[in-house]
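Below is one structure, written out as C-alpha cells; the observations come after it.
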Amino acid sequence: MIRLPVTVFLAAVMLLGLVVGTPAHAAPPDEAESEDTGLHLLREAAIAGRTRGYSGTQYVTTWGRSGAVSSVLEVRNVPGRGLMMHSRPSDPVQMADPGTPAGGMTSPSEFMLEVLARNYRVVAAGRGHACGRPARLANVLRRDGTVAARYWLDEAGGLVLRRELLDGHGKVVHAGAFVDLTLDPARKGAVPVMTTGGFSLTEVPRLFAGGWHFPRALPGRLELFAAHNTSPGYLYLGYSDGLSVVSVFIQSGVLDEERLQGWHAEQRSGHTIWIRDSAGQETIWASGGHVYTVFADAPADMVDAAVAALPHEPVPDLWTRLGRGASRLLSWVNPFG
Amino acid sequence: MSHLGERVSALVDGELNHHERDRALSHLTFCADCRAEVDAVRALKSRLRSLDGPAMPADLTMSLLRMSEPGGPIPPRERPFPAPRTFAGAPIPSMHSVAPPDNRPRGRAGGPRRSRRAGYVAVGVASAAVAIGTLFVVGGANPNPRVVPPIDMFANQHGNTAPFGGSAQPTLSPTP
C-alpha cells in the first residue's frame with residue numbers, strides 16, 4: 001500500500017521530466033551560437049568600436065591583382081560624432097562608419113553578425129598580442145574548416161586591433177592593424193548598444209516591376225542586402241556574406257571604352273572585362289545594353305565567381321545585327337506595328 | 001513587122017503602151033509562131049501563179065531569227081580576199097589587202113551574252129550590298145547612350161555603405 005504510491009510518484013516525476021525535456025516545449029538550442037564560441041567577442045568588439053573613444057594609427061594592406069598596396073591612416077573615434085580618418089596631416093579629414101569598408105568593417109551590425117554566423121563558424125582561438133597589447137583571438141572558419149578571417153581583439157577595450165581576410169588558399173588578401181592605439185577612458189554610465197541593422201530591399205518589387213533583373217544571391221554565399229536606384233542613372237546592388245562586401249552598379253548604356261583611362265581589357269571566360277591596377281577589386285564590363293561596375297572588399301576568387309555569375313551577353317554578331325536591322329525596318333513600315 | 005521577140009513577155013504582163021499593144025496584136029493575127037509563143041508564156045505564168053510559195057528551211061529561219069535578236073550572234077564576216085601576208089608580225093600591203101572597214105559594234109563581237117550576264121551579276125551584287133549595308137546600319141544603331149562609370153562616386157558609395165546596415169542610405173563623404 002505504501003510502496004505503490006511512491007512508485008507512482010517516481011514515475012510521475014520521471015514522466016513530467018520527460019515532458020518538460022521534450023524539444024517541443026523547450027527553447028530550441030541555438031546551434032550556431034553554441035558552435036560560434038567567438039561570436040560574442042566580435043559582438044563586443046562591434047559595440048566597443050562605436051562606443052569607445054580612441055585614437056591611433058592604422059596600417060592597411062591589400063593584396064590585389066597588381067600586388068600589395070598599403071596605406072597608413074590616422075584615426076580618431078569620438079562616440080556620438082563618428083570615426084574620423086585621414087592619410088596625411090595635410091589631407092582633409094573624412095568621416096566613416098566603422099561598419100563600412102572605409103571604416104574597416106570593425107563594427108558590423110547585429111544583422112550582419114547573424115549572417116556571418118549563418119555562413120561561417122566563429123570560434124575563439126586563444127590569446128595573443130597585437131599592437132603591443134594583449135588580445136583575444138577569434139577565427140572565422142568556412143564550412144570546409146579553412147580560415148576566412150582572423151581577429152585580434154583588445155582585452156582591455158574590446159576593439160579590433162588587427163583584422164585579416166584570407167582567400168580559399170589560405171593567403172592573406174587584406175590586413176588592417178593598429179600600430180599605435182590610445183584608448184580614451186571609458187565613459188561612466190554609457191550603455192553599450194548594438195546596431196541592429198537589416199536589409200534595405202524595399203525597392204526590390206518596384207525594381208523588378210520596372211524591368212530590372214538581378215540575382216538575390218551570388219556565389220560565395222553573398223546575399224543581397226541593398227538595392228537602390230534612387231540615384232539617377234544607375235542601380236546599386238549590395239551583396240555580403242557577413243564578412244566581405246561586393247557592390248554592383250548598373251548603368252543603362254553602352255560602355256565608352258575610349259574614355260576609360262587607366263583601365264585595361266582582359267578576357268575572362270570568353271568575355272571582355274576591364275580592370276585596373278589598384279588596391280581594390282574593381283571590374284567594369286558591358287552586357288545587354290548595360291554597363292556593370294563592381295567594387296569589392298573580398299578575396300579575388302570570390303569576386304571572380306561573383307562577376308562570372310552576373311550577366312555577360314556576347315557582343316551581337318553579324319547575323320544578329322542584320323536580323324535586328326530587318327526587324328526594325330519591318331516595324332517602321334508595318335502600319336499595325 | 002518582125003516577130004514580137006522580147007515584147008511577148010511585156011504583152012502578157014500588160015506592160016506595153018496602147019500603140020505598141022495594137023501593133024503587137026495585129027502582128028499576132030497573121031503570125032502563128034508569135035501567137036504560139038504568147039500562149040506558151042501565158043500558160044507558164046498562169047501555172048506559176050497557181051503554185052505555193054517556196055518553203056524556207058527551218059535552220060535558215062532560226063538563223064535569221066537569232067540574227068534579229070538583240071544579243072544574237074552575228075556571223076563572222078568573210079573576207080573577200082585572202083588574209084594579208086605579214087612580215088615580222090606587220091601586215092604587208094598588197095593589192096588585195098585593202099578590205100572595207102569593219103564598222104560592226106565591237107561590244108557584240110566578243111561574247112555579248114556573257115557580258116550581259118556579267119552586268120546582271122554586277123547589278124545584283126550591288127543591290128545586295130546596299131541591302132545588307134542598310135540592315136547593318138539600322139541593326140547596329142544602338143539607342144543607348146555611351147557612358148563611362150563615375151568611378152570615384154561608385155567607390156565612395158561602396159566604401160561608405162554598411163552591409164546589412166538597415167535602410168539608412170550611406171552618407172557619402174567628399175571624394176578625395
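Residue numbers start at 1 in each chain; chains themselves are named A, B, ... in the order of the C-alpha cells; ligands are numbered from 1 in the order shown.
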Excluding Pro108 in chain A and residues on its chain fewer than 3 positions from it, collect all residues at most 10 Å away from it, counting only C-alpha atoms, and give them as a PDB file with C-alpha atoms, in the first residue's frame.
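File produced: result24.pdb:
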ATOM      1  CA  LEU A  42      33.048  40.073 -32.351  1.00  0.00           C
ATOM      2  CA  ARG A  43      29.813  41.451 -30.905  1.00  0.00           C
ATOM      3  CA  ALA A  45      34.215  44.479 -30.498  1.00  0.00           C
ATOM      4  CA  ALA A  46      31.425  45.900 -32.664  1.00  0.00           C
ATOM      5  CA  ILE A  47      29.935  47.667 -29.667  1.00  0.00           C
ATOM      6  CA  GLY A  49      34.115  50.275 -31.925  1.00  0.00           C
ATOM      7  CA  ARG A  50      31.165  52.628 -31.698  1.00  0.00           C
ATOM      8  CA  ASP A  97      31.191  54.463 -40.311  1.00  0.00           C
ATOM      9  CA  PRO A  98      33.158  51.659 -38.598  1.00  0.00           C
ATOM     10  CA  GLY A  99      30.752  49.171 -40.133  1.00  0.00           C
ATOM     11  CA  THR A 100      31.668  50.142 -43.696  1.00  0.00           C
ATOM     12  CA  GLY A 104      37.490  48.928 -41.638  1.00  0.00           C
ATOM     13  CA  MET A 105      34.266  46.934 -41.046  1.00  0.00           C
ATOM     14  CA  PHE A 111      22.160  41.567 -38.524  1.00  0.00           C
ATOM     15  CA  MET A 112      25.470  41.205 -40.281  1.00  0.00           C
ATOM     16  CA  LEU A 113      26.854  39.149 -37.418  1.00  0.00           C
ATOM     17  CA  LEU A 116      28.253  35.858 -40.616  1.00  0.00           C
ATOM     18  CA  MET A 194      24.452  47.184 -30.636  1.00  0.00           C
ATOM     19  CA  THR A 195      23.402  48.467 -34.038  1.00  0.00           C
ATOM     20  CA  THR A 196      20.545  46.290 -35.214  1.00  0.00           C
ATOM     21  CA  GLY A 197      20.808  46.786 -38.956  1.00  0.00           C
ATOM     22  CA  GLY A 242      28.716  38.740 -43.361  1.00  0.00           C
ATOM     23  CA  LEU A 243      32.433  39.172 -43.846  1.00  0.00           C
TER      24      LEU A 243
ATOM     25  CA  ALA B 162      27.495  49.350 -44.247  1.00  0.00           C
ATOM     26  CA  PRO B 163      26.437  45.812 -45.199  1.00  0.00           C
ATOM     27  CA  PHE B 164      23.155  44.893 -43.548  1.00  0.00           C
ATOM     28  CA  GLY B 165      23.170  48.320 -42.007  1.00  0.00           C
TER      29      GLY B 165
END
Applying 7 Å and only C-alpha atoms, which residues near Ala138 in chain A remain after dropping the ones on its own chain fewer than 2 positions away? List them as a PyMOL selection string. chain A and resi 38+122-125+136+140+150-152
Would you output that residue set with N, CA and C atoms, as a JSON list (two decimals), in the first residue's frame?
[["chain", "number", "residue", "atom", "x", "y", "z"],
["A", 38, "GLY", "N", 33.30, 32.24, -30.70],
["A", 38, "GLY", "CA", 33.95, 33.54, -30.78],
["A", 38, "GLY", "C", 33.02, 34.65, -31.24],
["A", 122, "VAL", "N", 32.39, 30.98, -36.19],
["A", 122, "VAL", "CA", 33.28, 31.91, -35.50],
["A", 122, "VAL", "C", 33.72, 31.26, -34.19],
["A", 123, "VAL", "N", 34.97, 31.03, -34.07],
["A", 123, "VAL", "CA", 35.47, 30.32, -32.89],
["A", 123, "VAL", "C", 36.54, 31.16, -32.20],
["A", 124, "ALA", "N", 36.56, 31.05, -30.86],
["A", 124, "ALA", "CA", 37.64, 31.67, -30.09],
["A", 124, "ALA", "C", 38.91, 30.86, -30.30],
["A", 125, "ALA", "N", 40.02, 31.57, -30.50],
["A", 125, "ALA", "CA", 41.27, 30.89, -30.88],
["A", 125, "ALA", "C", 42.40, 31.26, -29.92],
["A", 136, "ARG", "N", 42.59, 38.88, -27.47],
["A", 136, "ARG", "CA", 41.91, 37.60, -27.64],
["A", 136, "ARG", "C", 41.73, 37.36, -29.14],
["A", 140, "VAL", "N", 37.35, 33.05, -38.06],
["A", 140, "VAL", "CA", 36.14, 32.80, -38.85],
["A", 140, "VAL", "C", 36.47, 31.68, -39.83],
["A", 150, "ARG", "N", 40.73, 36.37, -39.52],
["A", 150, "ARG", "CA", 41.30, 36.30, -38.17],
["A", 150, "ARG", "C", 41.17, 37.67, -37.52],
["A", 151, "TYR", "N", 40.79, 37.65, -36.24],
["A", 151, "TYR", "CA", 40.61, 38.89, -35.48],
["A", 151, "TYR", "C", 41.49, 38.85, -34.23],
["A", 152, "TRP", "N", 42.15, 39.98, -33.98],
["A", 152, "TRP", "CA", 42.83, 40.19, -32.70],
["A", 152, "TRP", "C", 42.03, 41.28, -31.97]]
Output the contact residues of chain A with respect to chain B at a cut-off of 6 Å, based on only C-alpha atoms, as an MDAnalysis selection string. chainID A and resid 99:102 112 197:200 225 247 253:256 321:322 324:326
Export of prior selection with N, CA and C atoms as a PDB file, in the first residue's frame:
ATOM      1  N   GLY A  99      31.331  50.380 -39.559  1.00  0.00           N
ATOM      2  CA  GLY A  99      30.752  49.171 -40.133  1.00  0.00           C
ATOM      3  C   GLY A  99      30.869  49.105 -41.637  1.00  0.00           C
ATOM      4  N   THR A 100      31.538  50.085 -42.240  1.00  0.00           N
ATOM      5  CA  THR A 100      31.668  50.142 -43.696  1.00  0.00           C
ATOM      6  C   THR A 100      33.077  49.742 -44.113  1.00  0.00           C
ATOM      7  N   PRO A 101      33.268  49.433 -45.390  1.00  0.00           N
ATOM      8  CA  PRO A 101      34.627  49.140 -45.850  1.00  0.00           C
ATOM      9  C   PRO A 101      35.592  50.289 -45.590  1.00  0.00           C
ATOM     10  N   ALA A 102      35.122  51.520 -45.746  1.00  0.00           N
ATOM     11  CA  ALA A 102      36.004  52.648 -45.490  1.00  0.00           C
ATOM     12  C   ALA A 102      36.385  52.727 -44.021  1.00  0.00           C
ATOM     13  N   MET A 112      24.336  41.729 -39.506  1.00  0.00           N
ATOM     14  CA  MET A 112      25.470  41.205 -40.281  1.00  0.00           C
ATOM     15  C   MET A 112      26.176  40.088 -39.520  1.00  0.00           C
ATOM     16  N   GLY A 197      20.604  46.988 -37.527  1.00  0.00           N
ATOM     17  CA  GLY A 197      20.808  46.786 -38.956  1.00  0.00           C
ATOM     18  C   GLY A 197      19.668  46.024 -39.610  1.00  0.00           C
ATOM     19  N   GLY A 198      19.884  45.574 -40.820  1.00  0.00           N
ATOM     20  CA  GLY A 198      18.860  44.829 -41.545  1.00  0.00           C
ATOM     21  C   GLY A 198      19.032  45.005 -43.033  1.00  0.00           C
ATOM     22  N   PHE A 199      18.004  44.579 -43.750  1.00  0.00           N
ATOM     23  CA  PHE A 199      18.029  44.702 -45.204  1.00  0.00           C
ATOM     24  C   PHE A 199      17.568  46.092 -45.630  1.00  0.00           C
ATOM     25  N   SER A 200      17.872  46.426 -46.838  1.00  0.00           N
ATOM     26  CA  SER A 200      17.372  47.650 -47.456  1.00  0.00           C
ATOM     27  C   SER A 200      16.858  47.281 -48.842  1.00  0.00           C
ATOM     28  N   PHE A 225      21.693  42.601 -49.835  1.00  0.00           N
ATOM     29  CA  PHE A 225      21.216  43.319 -48.651  1.00  0.00           C
ATOM     30  C   PHE A 225      20.689  44.708 -48.978  1.00  0.00           C
ATOM     31  N   SER A 247      29.836  45.402 -54.156  1.00  0.00           N
ATOM     32  CA  SER A 247      28.895  46.402 -54.649  1.00  0.00           C
ATOM     33  C   SER A 247      28.834  46.326 -56.169  1.00  0.00           C
ATOM     34  N   GLY A 253      23.205  51.794 -70.924  1.00  0.00           N
ATOM     35  CA  GLY A 253      24.002  52.434 -71.948  1.00  0.00           C
ATOM     36  C   GLY A 253      25.064  51.493 -72.477  1.00  0.00           C
ATOM     37  N   VAL A 254      25.887  52.068 -73.313  1.00  0.00           N
ATOM     38  CA  VAL A 254      26.987  51.332 -73.931  1.00  0.00           C
ATOM     39  C   VAL A 254      28.285  51.862 -73.357  1.00  0.00           C
ATOM     40  N   LEU A 255      29.160  50.950 -72.998  1.00  0.00           N
ATOM     41  CA  LEU A 255      30.429  51.357 -72.383  1.00  0.00           C
ATOM     42  C   LEU A 255      31.284  52.117 -73.396  1.00  0.00           C
ATOM     43  N   ASP A 256      31.667  53.318 -73.023  1.00  0.00           N
ATOM     44  CA  ASP A 256      32.557  54.128 -73.851  1.00  0.00           C
ATOM     45  C   ASP A 256      33.993  53.764 -73.485  1.00  0.00           C
ATOM     46  N   ARG A 321      22.922  41.218 -85.822  1.00  0.00           N
ATOM     47  CA  ARG A 321      22.765  42.632 -86.150  1.00  0.00           C
ATOM     48  C   ARG A 321      21.901  42.820 -87.386  1.00  0.00           C
ATOM     49  N   LEU A 322      22.113  41.964 -88.414  1.00  0.00           N
ATOM     50  CA  LEU A 322      21.282  42.073 -89.609  1.00  0.00           C
ATOM     51  C   LEU A 322      19.831  41.748 -89.289  1.00  0.00           C
ATOM     52  N   ARG A 324      18.341  42.139 -86.441  1.00  0.00           N
ATOM     53  CA  ARG A 324      17.779  43.268 -85.697  1.00  0.00           C
ATOM     54  C   ARG A 324      17.440  44.419 -86.639  1.00  0.00           C
ATOM     55  N   GLY A 325      18.306  44.623 -87.652  1.00  0.00           N
ATOM     56  CA  GLY A 325      18.017  45.667 -88.624  1.00  0.00           C
ATOM     57  C   GLY A 325      16.768  45.367 -89.422  1.00  0.00           C
ATOM     58  N   ALA A 326      16.603  44.099 -89.808  1.00  0.00           N
ATOM     59  CA  ALA A 326      15.401  43.722 -90.557  1.00  0.00           C
ATOM     60  C   ALA A 326      14.154  43.915 -89.703  1.00  0.00           C
TER      61      ALA A 326
END
Might you pull out every residue within 7 Å of Thr62 in chain A, with only C-alpha atoms counted and same-chain residues fewer than 2 positions away left off, and present them as an NGL selection string? :A and (60 or 64 or 68-70 or 173-175 or 279)
Limited to N, CA and C atoms, could you put the picked residues into a file as a PDB file, in the first residue's frame?
ATOM      1  N   VAL A  60      47.052  49.620 -43.250  1.00  0.00           N
ATOM      2  CA  VAL A  60      46.136  48.796 -44.037  1.00  0.00           C
ATOM      3  C   VAL A  60      46.853  48.341 -45.310  1.00  0.00           C
ATOM      4  N   GLY A  64      46.110  43.023 -54.099  1.00  0.00           N
ATOM      5  CA  GLY A  64      45.217  42.991 -55.256  1.00  0.00           C
ATOM      6  C   GLY A  64      45.869  42.334 -56.436  1.00  0.00           C
ATOM      7  N   ALA A  68      50.696  44.202 -53.642  1.00  0.00           N
ATOM      8  CA  ALA A  68      50.245  44.762 -52.365  1.00  0.00           C
ATOM      9  C   ALA A  68      50.231  46.286 -52.421  1.00  0.00           C
ATOM     10  N   VAL A  69      49.193  46.842 -51.865  1.00  0.00           N
ATOM     11  CA  VAL A  69      49.066  48.298 -51.753  1.00  0.00           C
ATOM     12  C   VAL A  69      48.786  48.613 -50.290  1.00  0.00           C
ATOM     13  N   SER A  70      49.596  49.467 -49.721  1.00  0.00           N
ATOM     14  CA  SER A  70      49.476  49.772 -48.296  1.00  0.00           C
ATOM     15  C   SER A  70      49.202  51.251 -48.099  1.00  0.00           C
ATOM     16  N   VAL A 173      44.675  38.369 -47.988  1.00  0.00           N
ATOM     17  CA  VAL A 173      44.388  39.298 -49.080  1.00  0.00           C
ATOM     18  C   VAL A 173      44.103  40.703 -48.556  1.00  0.00           C
ATOM     19  N   HIS A 174      43.838  40.813 -47.285  1.00  0.00           N
ATOM     20  CA  HIS A 174      43.592  42.133 -46.705  1.00  0.00           C
ATOM     21  C   HIS A 174      43.960  42.083 -45.233  1.00  0.00           C
ATOM     22  N   ALA A 175      44.635  43.121 -44.778  1.00  0.00           N
ATOM     23  CA  ALA A 175      45.004  43.194 -43.365  1.00  0.00           C
ATOM     24  C   ALA A 175      44.925  44.646 -42.923  1.00  0.00           C
ATOM     25  N   ALA A 279      44.280  48.911 -55.408  1.00  0.00           N
ATOM     26  CA  ALA A 279      44.218  48.064 -54.213  1.00  0.00           C
ATOM     27  C   ALA A 279      42.922  47.273 -54.163  1.00  0.00           C
TER      28      ALA A 279
END
Could you tell me, as JSON, numbers by chain, which residues of range 103-303 of chain A DSSP assigns to helix (DSSP H, G or I) when given the backbone? {"A": [110, 111, 112, 113, 114, 115, 116, 117, 118, 119, 204, 205, 206, 207, 208, 209, 257, 258, 259, 300, 301, 302, 303]}
Export of prior selection with N, CA and C atoms as a JSON list (two decimals), in the first residue's frame:
[["chain", "number", "residue", "atom", "x", "y", "z"],
["A", 110, "GLU", "N", 24.25, 43.94, -35.84],
["A", 110, "GLU", "CA", 23.85, 42.65, -35.32],
["A", 110, "GLU", "C", 23.36, 41.74, -36.44],
["A", 111, "PHE", "N", 22.67, 42.35, -37.40],
["A", 111, "PHE", "CA", 22.16, 41.57, -38.52],
["A", 111, "PHE", "C", 23.31, 40.96, -39.34],
["A", 112, "MET", "N", 24.34, 41.73, -39.51],
["A", 112, "MET", "CA", 25.47, 41.20, -40.28],
["A", 112, "MET", "C", 26.18, 40.09, -39.52],
["A", 113, "LEU", "N", 26.26, 40.23, -38.20],
["A", 113, "LEU", "CA", 26.85, 39.15, -37.42],
["A", 113, "LEU", "C", 26.01, 37.87, -37.53],
["A", 114, "GLU", "N", 24.71, 38.03, -37.61],
["A", 114, "GLU", "CA", 23.86, 36.84, -37.80],
["A", 114, "GLU", "C", 24.13, 36.19, -39.16],
["A", 115, "VAL", "N", 24.28, 37.03, -40.17],
["A", 115, "VAL", "CA", 24.62, 36.47, -41.50],
["A", 115, "VAL", "C", 25.99, 35.81, -41.45],
["A", 116, "LEU", "N", 26.92, 36.45, -40.76],
["A", 116, "LEU", "CA", 28.25, 35.86, -40.62],
["A", 116, "LEU", "C", 28.16, 34.49, -39.94],
["A", 117, "ALA", "N", 27.37, 34.42, -38.86],
["A", 117, "ALA", "CA", 27.24, 33.14, -38.14],
["A", 117, "ALA", "C", 26.52, 32.10, -39.00],
["A", 118, "ARG", "N", 25.66, 32.56, -39.90],
["A", 118, "ARG", "CA", 24.94, 31.61, -40.76],
["A", 118, "ARG", "C", 25.86, 31.02, -41.84],
["A", 119, "ASN", "N", 26.78, 31.82, -42.29],
["A", 119, "ASN", "CA", 27.64, 31.37, -43.39],
["A", 119, "ASN", "C", 28.99, 30.82, -42.92],
["A", 204, "VAL", "N", 12.90, 46.63, -54.05],
["A", 204, "VAL", "CA", 13.08, 45.50, -54.96],
["A", 204, "VAL", "C", 11.83, 45.20, -55.78],
["A", 205, "PRO", "N", 10.62, 45.14, -55.18],
["A", 205, "PRO", "CA", 9.44, 44.87, -56.02],
["A", 205, "PRO", "C", 9.26, 45.91, -57.13],
["A", 206, "ARG", "N", 9.48, 47.16, -56.79],
["A", 206, "ARG", "CA", 9.33, 48.20, -57.81],
["A", 206, "ARG", "C", 10.39, 48.06, -58.89],
["A", 207, "LEU", "N", 11.59, 47.66, -58.49],
["A", 207, "LEU", "CA", 12.66, 47.48, -59.47],
["A", 207, "LEU", "C", 12.36, 46.32, -60.40],
["A", 208, "PHE", "N", 11.88, 45.22, -59.84],
["A", 208, "PHE", "CA", 11.52, 44.07, -60.69],
["A", 208, "PHE", "C", 10.39, 44.45, -61.63],
["A", 209, "ALA", "N", 9.41, 45.20, -61.11],
["A", 209, "ALA", "CA", 8.29, 45.62, -61.96],
["A", 209, "ALA", "C", 8.76, 46.57, -63.05],
["A", 257, "GLU", "N", 34.51, 52.77, -74.16],
["A", 257, "GLU", "CA", 35.81, 52.21, -73.78],
["A", 257, "GLU", "C", 36.94, 53.21, -74.03],
["A", 258, "GLU", "N", 36.74, 54.09, -75.00],
["A", 258, "GLU", "CA", 37.82, 55.02, -75.32],
["A", 258, "GLU", "C", 38.08, 56.01, -74.18],
["A", 259, "ARG", "N", 37.08, 56.22, -73.35],
["A", 259, "ARG", "CA", 37.25, 57.18, -72.25],
["A", 259, "ARG", "C", 37.60, 56.50, -70.94],
["A", 300, "ALA", "N", 39.94, 37.65, -54.13],
["A", 300, "ALA", "CA", 39.83, 37.69, -55.59],
["A", 300, "ALA", "C", 39.01, 36.53, -56.12],
["A", 301, "ASP", "N", 39.16, 35.34, -55.53],
["A", 301, "ASP", "CA", 38.40, 34.20, -56.06],
["A", 301, "ASP", "C", 36.91, 34.39, -55.85],
["A", 302, "MET", "N", 36.53, 35.00, -54.73],
["A", 302, "MET", "CA", 35.12, 35.27, -54.50],
["A", 302, "MET", "C", 34.59, 36.32, -55.48],
["A", 303, "VAL", "N", 35.39, 37.35, -55.74],
["A", 303, "VAL", "CA", 34.97, 38.40, -56.66],
["A", 303, "VAL", "C", 34.85, 37.84, -58.08]]
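Using only C-alpha atoms for every distance, the candidate list A:Ala148, A:Leu83, A:Leu260, A:Ala177 yields A:Ala177 as the residue closest to Gln58 in chain A.
Here CA of Val72 in chain A stands at a distance of 8.6 Å from CA of His86 in chain A.
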Between CA of Pro314 in chain A and CA of Arg328 in chain A - distance in Å to one decimal: 20.6 Å
